[in-house]
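Scroll down for the structure; my scribbles are underneath it.
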Amino acid sequence: PRPIILDCDPGHDDAIAMIMALANPQLDVLAVTTSAGNQTPDKTLRNALRILTLLGRTDIPVAGGAANPLKRELIIADNVHGESGLDGPELPEPAFAAVELTAWELMAQQIQASEHPVTLVPTGPLTNIATFLLAYPHLKPRIERIVLMGGAAGVGNWTPAAEFNIFVDPEAADIVFRSGIPLTMCGLDVTHNAQIMDEDVARMRAIDNPVAQCVADLLEFFVIYHRDPKWGFDGAPLHDPCTIAWLLKPELFTGQDCYVAIETQSEMTVGMTVVDRYHLTGKPANTHVLFDLQRERFVDLLAESLEAW
Ligand code: BDR
Ligand code: CA
């Protein structure tokens with residue numbers, strides 16, 4: 001199995017990404033670390049512990065991360081994810097505690113101990129990953145790839161130019177995109193095509209186990225925000241699970257190797273992932289940017305992952 005570390009801010013779609021990763025034995029989840037983003041850091045940490053408790057995976061080490069972005073004040077997405085960060089399902093209280101390490105210390109510990117290079121899978125702001133890279137530069141060669149949800153080659157979802165995860169901590173994203181580590185970017189271009197429709201939610205609801213029921217509850221809450229006609233969606237984009245789906249079945253996706261840079265200065269476009277799709281800068285590609293996926297097969301993969309519990 002491929003060793004991975006999930007760095008997430010659960011978050012409905014983060015929770016579903018965790019569930020998919022842990023359902024598939026091709027992935028070996030070494031640790032879960034939490035970032036501040038969808039909710040405050042205390043809440044995202046607690047949510048990760050609650051989801052792992054539901055899954056009976058209290059053996060997985062969990063660590064909380066930075067309380068704030070590198071240089072800015074924290075912005076949260078409680079308009080999308082609610083007061084708890086995971087509004088909707090009734091989740092168990094955490095049956096275990098986080099380890100007494102920071103997110104980046106736990107990453108370093110696991111990466112050092114792993115026989116094979118590790119893939120990092122961030123699905124929140126990149127603060128913890130950037131902090132790890134600054135603190136442990138000698139461990140870079142031990143990272144196989146970073147597969148992240150964030151950014152867009154096209155339009156943003158938090159500002160006209162920026163996607164939420166990158167907008168929250170653009171300085172951290174800048175460090176990650178300049179790191180030289182192979183990157184896969186699941187930005188809004190692909191995730192807006194990974195929509196879950198009402199009939200898909202009904203399909204998950206029909207799977208008779210508590211994990212599938214929890215996912216159906218999560219989806220029913222998550223679709224509410226996305227029903228606003230301004231988006232023009234038929235369903236709700238399941239952003240974060242695209243990272244796990246790409247790791248499991250890259251053949252479902254289309255993408256292109258591009259040079260990507262992060263805007264950190266401009267007031268109007270801060271947090272933009274500037275994607276050089278036509279190789280106009282002549283700079284070497286640093287990112288495999290995903291653009292599209294086979295939506296129905298992605299939904300099949302989610303359903304199969306839920307049947308596993
Ligand atoms: C990203 O922002 C968060 O609200 C989601 O969990 C996802 O990671 C989408 O822009
Ligand atoms: Ca997220």
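Letters A, B, ... mark the chains of the structure tokens in the order given; residue numbers begin at 1 per chain; ligand numbers begin at 1, in order shown.
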
Considering only C-alpha atoms and all ligand atoms, tabulate each residue of chain A that lies at most 7 Å from ligand 1 along with its nearest interatomic pair and the corresponding distance in Å to one decimal; arrange the rows by chain and ascending residue number and present them as JSON lines.
```
{"residue": "A:Asp9", "atom": "CA", "partner": "ligand 1", "partner_atom_place_in_ligand_line": "6 (O)", "distance": 6.7}
{"residue": "A:Pro10", "atom": "CA", "partner": "ligand 1", "partner_atom_place_in_ligand_line": "6 (O)", "distance": 6.7}
{"residue": "A:Gly11", "atom": "CA", "partner": "ligand 1", "partner_atom_place_in_ligand_line": "6 (O)", "distance": 5.1}
{"residue": "A:His12", "atom": "CA", "partner": "ligand 1", "partner_atom_place_in_ligand_line": "6 (O)", "distance": 6.4}
{"residue": "A:Asp13", "atom": "CA", "partner": "ligand 1", "partner_atom_place_in_ligand_line": "6 (O)", "distance": 5.2}
{"residue": "A:Asp14", "atom": "CA", "partner": "ligand 1", "partner_atom_place_in_ligand_line": "6 (O)", "distance": 5.5}
{"residue": "A:Asn38", "atom": "CA", "partner": "ligand 1", "partner_atom_place_in_ligand_line": "4 (O)", "distance": 5.4}
{"residue": "A:Ala77", "atom": "CA", "partner": "ligand 1", "partner_atom_place_in_ligand_line": "4 (O)", "distance": 5.9}
{"residue": "A:Val80", "atom": "CA", "partner": "ligand 1", "partner_atom_place_in_ligand_line": "4 (O)", "distance": 6.5}
{"residue": "A:Thr123", "atom": "CA", "partner": "ligand 1", "partner_atom_place_in_ligand_line": "8 (O)", "distance": 4.9}
{"residue": "A:Gly124", "atom": "CA", "partner": "ligand 1", "partner_atom_place_in_ligand_line": "8 (O)", "distance": 5.0}
{"residue": "A:Met149", "atom": "CA", "partner": "ligand 1", "partner_atom_place_in_ligand_line": "8 (O)", "distance": 5.9}
{"residue": "A:Gly150", "atom": "CA", "partner": "ligand 1", "partner_atom_place_in_ligand_line": "10 (O)", "distance": 6.3}
{"residue": "A:Asn157", "atom": "CA", "partner": "ligand 1", "partner_atom_place_in_ligand_line": "10 (O)", "distance": 6.4}
{"residue": "A:Glu163", "atom": "CA", "partner": "ligand 1", "partner_atom_place_in_ligand_line": "10 (O)", "distance": 5.2}
{"residue": "A:Phe164", "atom": "CA", "partner": "ligand 1", "partner_atom_place_in_ligand_line": "10 (O)", "distance": 4.5}
{"residue": "A:Asn165", "atom": "CA", "partner": "ligand 1", "partner_atom_place_in_ligand_line": "2 (O)", "distance": 5.4}
{"residue": "A:His239", "atom": "CA", "partner": "ligand 1", "partner_atom_place_in_ligand_line": "7 (C)", "distance": 5.5}
{"residue": "A:Asp240", "atom": "CA", "partner": "ligand 1", "partner_atom_place_in_ligand_line": "8 (O)", "distance": 5.3}
```

When you look at Ile111 (chain A) with a cut-off of 10 Å (counting only C-alpha atoms), what residues show up, excluding the ones that are within fewer than 5 positions of it in the same chain? I need them as an mmCIF file with C-alpha atoms, in the first residue's frame.
```
data_model
loop_
_atom_site.group_PDB
_atom_site.id
_atom_site.type_symbol
_atom_site.label_atom_id
_atom_site.label_comp_id
_atom_site.auth_asym_id
_atom_site.auth_seq_id
_atom_site.Cartn_x
_atom_site.Cartn_y
_atom_site.Cartn_z
ATOM 1 C CA PRO A 3 1.745 5.442 2.654
ATOM 2 C CA ILE A 4 -0.124 8.735 2.993
ATOM 3 C CA ILE A 5 -0.702 11.425 5.614
ATOM 4 C CA LEU A 30 -0.023 6.748 8.617
ATOM 5 C CA ALA A 31 -1.483 9.763 10.414
ATOM 6 C CA GLU A 105 6.209 16.963 14.323
ATOM 7 C CA LEU A 106 3.896 14.015 13.715
ATOM 8 C CA HIS A 116 8.818 4.103 1.611
ATOM 9 C CA PRO A 117 8.524 7.793 0.694
ATOM 10 C CA VAL A 118 5.235 9.248 1.899
ATOM 11 C CA THR A 119 2.506 11.085 -0.034
ATOM 12 C CA LEU A 120 1.029 14.108 1.749
ATOM 13 C CA LEU A 139 12.994 15.291 4.835
ATOM 14 C CA LYS A 140 11.845 16.646 1.450
ATOM 15 C CA ARG A 142 11.246 11.396 1.706
ATOM 16 C CA ILE A 143 8.051 12.925 0.310
#
```

(request) Could you check which of A:Leu54, A:Ala17, A:Gln112, A:Asp300 is closest to Leu238 (chain A), using only C-alpha atoms? (result) A:Ala17

(request) Do a neighbour search on Gly232 (chain A) at 12 Å with only C-alpha atoms, toss out local chain neighbours closer than 5 positions, and write the hits as a ChimeraX atom specification. (result) /A:192-193,195,226-227,237

(request) Compare A:Asp59, A:Asp189, A:Glu100, A:Asp78 by their minimum atom-to-atom distance to ligand 2, counting only C-alpha atoms and all ligand atoms, and give me the closest one. (result)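 That would be A:Asp78, the residue with the smallest distance to ligand 2.
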
(request) Could you give me, as an NGL selection string, the residues within 12 Å of Val99 (chain A), counting only C-alpha atoms and dropping anything in the same chain fewer than 4 positions from it? (result) :A and (31-34 or 45 or 49 or 58-65 or 103-107 or 109)

(message) What parts of region 144-293 of chain A does DSSP call alpha helix (DSSP H)? I'd like the answer as an MDAnalysis selection string.
(response) chainID A and resid 164:168 170:177 188:191 198:205 210:226 241:248

(request) Pick out the residues sitting within 10 Å of Glu296 (chain A), and hand them over as a PyMOL selection string; count only C-alpha atoms, and ignore anything fewer than 5 positions along from it in its own chain. (result) chain A and resi 194-196+200+252+301-302

(message) Please determine, counting only C-alpha atoms, which residue among A:Val147, A:Ala67, A:Arg50, A:Ala303 has the shortest atom-to-atom distance to Ala202 (chain A).
(response) A:Ala303

Could you pull the residues within 8 Å of region 166-178 of chain A, counting only C-alpha atoms, minus those fewer than 2 positions along the same chain, as a PDB file with N, CA and C atoms, in the first residue's frame?
```
ATOM      1  N   GLY A  37      -9.284  26.055   9.180  1.00  0.00           N
ATOM      2  CA  GLY A  37      -9.801  26.478   7.870  1.00  0.00           C
ATOM      3  C   GLY A  37     -11.313  26.516   7.899  1.00  0.00           C
ATOM      4  N   PRO A  69      -2.990  31.072  10.061  1.00  0.00           N
ATOM      5  CA  PRO A  69      -2.147  31.089   8.868  1.00  0.00           C
ATOM      6  C   PRO A  69      -0.784  31.723   9.176  1.00  0.00           C
ATOM      7  N   LEU A  70       0.187  31.539   8.278  1.00  0.00           N
ATOM      8  CA  LEU A  70       1.552  32.001   8.537  1.00  0.00           C
ATOM      9  C   LEU A  70       1.602  33.498   8.830  1.00  0.00           C
ATOM     10  N   LYS A  71       0.895  34.295   8.015  1.00  0.00           N
ATOM     11  CA  LYS A  71       1.040  35.745   8.157  1.00  0.00           C
ATOM     12  C   LYS A  71      -0.275  36.492   8.251  1.00  0.00           C
ATOM     13  N   ARG A  72      -1.378  35.785   8.247  1.00  0.00           N
ATOM     14  CA  ARG A  72      -2.682  36.466   8.180  1.00  0.00           C
ATOM     15  C   ARG A  72      -3.596  35.988   9.288  1.00  0.00           C
ATOM     16  N   LEU A  74      -6.989  34.176  10.605  1.00  0.00           N
ATOM     17  CA  LEU A  74      -7.758  33.022  10.123  1.00  0.00           C
ATOM     18  C   LEU A  74      -9.131  33.456   9.610  1.00  0.00           C
ATOM     19  N   ILE A  75      -9.519  32.889   8.470  1.00  0.00           N
ATOM     20  CA  ILE A  75     -10.888  33.037   7.952  1.00  0.00           C
ATOM     21  C   ILE A  75     -11.497  31.644   8.003  1.00  0.00           C
ATOM     22  N   PRO A 125      -6.220  24.547   4.207  1.00  0.00           N
ATOM     23  CA  PRO A 125      -5.129  25.507   3.997  1.00  0.00           C
ATOM     24  C   PRO A 125      -3.770  24.827   4.244  1.00  0.00           C
ATOM     25  N   LEU A 126      -2.726  25.338   3.582  1.00  0.00           N
ATOM     26  CA  LEU A 126      -1.445  24.624   3.550  1.00  0.00           C
ATOM     27  C   LEU A 126      -0.472  25.013   4.663  1.00  0.00           C
ATOM     28  N   THR A 127      -0.982  25.629   5.719  1.00  0.00           N
ATOM     29  CA  THR A 127      -0.137  26.118   6.810  1.00  0.00           C
ATOM     30  C   THR A 127       0.750  25.023   7.418  1.00  0.00           C
ATOM     31  N   ILE A 129       1.669  22.104   6.182  1.00  0.00           N
ATOM     32  CA  ILE A 129       2.618  21.532   5.215  1.00  0.00           C
ATOM     33  C   ILE A 129       3.796  22.500   5.039  1.00  0.00           C
ATOM     34  N   ALA A 130       3.493  23.794   4.911  1.00  0.00           N
ATOM     35  CA  ALA A 130       4.568  24.780   4.752  1.00  0.00           C
ATOM     36  C   ALA A 130       5.449  24.807   5.998  1.00  0.00           C
ATOM     37  N   THR A 131       4.840  24.746   7.166  1.00  0.00           N
ATOM     38  CA  THR A 131       5.611  24.758   8.413  1.00  0.00           C
ATOM     39  C   THR A 131       6.513  23.531   8.485  1.00  0.00           C
ATOM     40  N   LEU A 133       7.738  21.884   5.899  1.00  0.00           N
ATOM     41  CA  LEU A 133       8.829  22.025   4.902  1.00  0.00           C
ATOM     42  C   LEU A 133       9.903  22.989   5.408  1.00  0.00           C
ATOM     43  N   GLY A 150      -7.054  22.383  -3.748  1.00  0.00           N
ATOM     44  CA  GLY A 150      -6.917  23.819  -3.608  1.00  0.00           C
ATOM     45  C   GLY A 150      -6.718  24.453  -4.965  1.00  0.00           C
ATOM     46  N   GLY A 151      -7.034  25.732  -5.049  1.00  0.00           N
ATOM     47  CA  GLY A 151      -6.744  26.495  -6.254  1.00  0.00           C
ATOM     48  C   GLY A 151      -7.731  26.274  -7.383  1.00  0.00           C
ATOM     49  N   TRP A 158     -14.016  31.787  -3.383  1.00  0.00           N
ATOM     50  CA  TRP A 158     -14.074  32.638  -2.178  1.00  0.00           C
ATOM     51  C   TRP A 158     -13.966  34.100  -2.572  1.00  0.00           C
ATOM     52  N   ALA A 162      -9.815  33.543  -6.225  1.00  0.00           N
ATOM     53  CA  ALA A 162      -9.179  32.584  -5.309  1.00  0.00           C
ATOM     54  C   ALA A 162     -10.137  31.534  -4.765  1.00  0.00           C
ATOM     55  N   GLU A 163      -9.591  30.350  -4.659  1.00  0.00           N
ATOM     56  CA  GLU A 163     -10.277  29.234  -3.990  1.00  0.00           C
ATOM     57  C   GLU A 163      -9.994  29.344  -2.485  1.00  0.00           C
ATOM     58  N   PHE A 164     -10.892  28.835  -1.657  1.00  0.00           N
ATOM     59  CA  PHE A 164     -10.827  29.028  -0.198  1.00  0.00           C
ATOM     60  C   PHE A 164      -9.498  28.575   0.427  1.00  0.00           C
ATOM     61  N   GLY A 180       9.503  22.289  -5.013  1.00  0.00           N
ATOM     62  CA  GLY A 180      10.201  21.333  -5.877  1.00  0.00           C
ATOM     63  C   GLY A 180       9.700  19.905  -5.705  1.00  0.00           C
ATOM     64  N   ILE A 181       8.804  19.687  -4.760  1.00  0.00           N
ATOM     65  CA  ILE A 181       8.204  18.356  -4.573  1.00  0.00           C
ATOM     66  C   ILE A 181       7.131  18.172  -5.651  1.00  0.00           C
ATOM     67  N   LEU A 183       3.794  17.835  -7.356  1.00  0.00           N
ATOM     68  CA  LEU A 183       2.468  18.234  -6.847  1.00  0.00           C
ATOM     69  C   LEU A 183       1.371  17.770  -7.794  1.00  0.00           C
ATOM     70  N   VAL A 260       2.731  26.517 -11.954  1.00  0.00           N
ATOM     71  CA  VAL A 260       1.713  27.203 -11.149  1.00  0.00           C
ATOM     72  C   VAL A 260       2.417  28.094 -10.125  1.00  0.00           C
ATOM     73  N   ALA A 261       1.991  29.340 -10.037  1.00  0.00           N
ATOM     74  CA  ALA A 261       2.521  30.279  -9.039  1.00  0.00           C
ATOM     75  C   ALA A 261       1.361  30.840  -8.223  1.00  0.00           C
ATOM     76  N   ILE A 262       1.678  31.272  -7.005  1.00  0.00           N
ATOM     77  CA  ILE A 262       0.646  31.776  -6.091  1.00  0.00           C
ATOM     78  C   ILE A 262       0.769  33.292  -5.966  1.00  0.00           C
ATOM     79  N   GLU A 263      -0.354  33.976  -6.137  1.00  0.00           N
ATOM     80  CA  GLU A 263      -0.375  35.433  -5.929  1.00  0.00           C
ATOM     81  C   GLU A 263      -0.486  35.725  -4.429  1.00  0.00           C
ATOM     82  N   THR A 264       0.489  36.451  -3.888  1.00  0.00           N
ATOM     83  CA  THR A 264       0.454  36.794  -2.458  1.00  0.00           C
ATOM     84  C   THR A 264       0.373  38.308  -2.234  1.00  0.00           C
ATOM     85  N   VAL A 270      -5.272  38.150  -4.519  1.00  0.00           N
ATOM     86  CA  VAL A 270      -4.486  37.364  -3.552  1.00  0.00           C
ATOM     87  C   VAL A 270      -5.092  35.964  -3.394  1.00  0.00           C
ATOM     88  N   GLY A 271      -4.217  34.977  -3.345  1.00  0.00           N
ATOM     89  CA  GLY A 271      -4.668  33.590  -3.212  1.00  0.00           C
ATOM     90  C   GLY A 271      -4.964  32.915  -4.528  1.00  0.00           C
ATOM     91  N   MET A 272      -4.748  33.614  -5.617  1.00  0.00           N
ATOM     92  CA  MET A 272      -4.977  33.004  -6.938  1.00  0.00           C
ATOM     93  C   MET A 272      -3.858  32.017  -7.250  1.00  0.00           C
ATOM     94  N   THR A 273      -4.205  30.869  -7.800  1.00  0.00           N
ATOM     95  CA  THR A 273      -3.206  29.948  -8.347  1.00  0.00           C
ATOM     96  C   THR A 273      -3.088  30.285  -9.836  1.00  0.00           C
ATOM     97  N   ASN A 286       5.644  22.622 -12.495  1.00  0.00           N
ATOM     98  CA  ASN A 286       5.845  22.164 -11.109  1.00  0.00           C
ATOM     99  C   ASN A 286       4.632  21.416 -10.569  1.00  0.00           C
ATOM    100  N   THR A 287       3.569  21.318 -11.373  1.00  0.00           N
ATOM    101  CA  THR A 287       2.311  20.781 -10.846  1.00  0.00           C
ATOM    102  C   THR A 287       1.571  20.000 -11.929  1.00  0.00           C
TER     103      THR A 287
END
```

(message) Which residues are close to Arg2 (chain A), i.e. within 7 Å by only C-alpha atoms, leaving aside same-chain residues fewer than 4 positions away? Reply as a list in words.
(response) Gln26, Leu27 and Asp28 of chain A

Store the residues of this selection in a file with C-alpha atoms, as a JSON list (two decimals), in the first residue's frame.
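Full text of result.json as output:
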```json
[["chain", "number", "residue", "atom", "x", "y", "z"],
["A", 26, "GLN", "CA", -4.27, 0.38, -1.40],
["A", 27, "LEU", "CA", -3.69, 3.38, 0.87],
["A", 28, "ASP", "CA", -1.94, 3.17, 4.23]]
```

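For the set A:Phe298, A:Trp309, A:Tyr259, A:Trp246, the residue with the smallest atom-to-atom gap to Ile146 (chain A) is A:Trp246, counting only C-alpha atoms.
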
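Closest approach to ligand 2 from the set A:Leu290, A:Ala97, A:Cys8, A:Val29 is made by A:Cys8, with distances taken over only C-alpha atoms and all ligand atoms.
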
(request) Figure out the distance between CA of Met197 (chain A) and CA of Ala236 (chain A), please, to one decimal in Å. (result)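 Here the two named atoms are 6.8 Å from each other.
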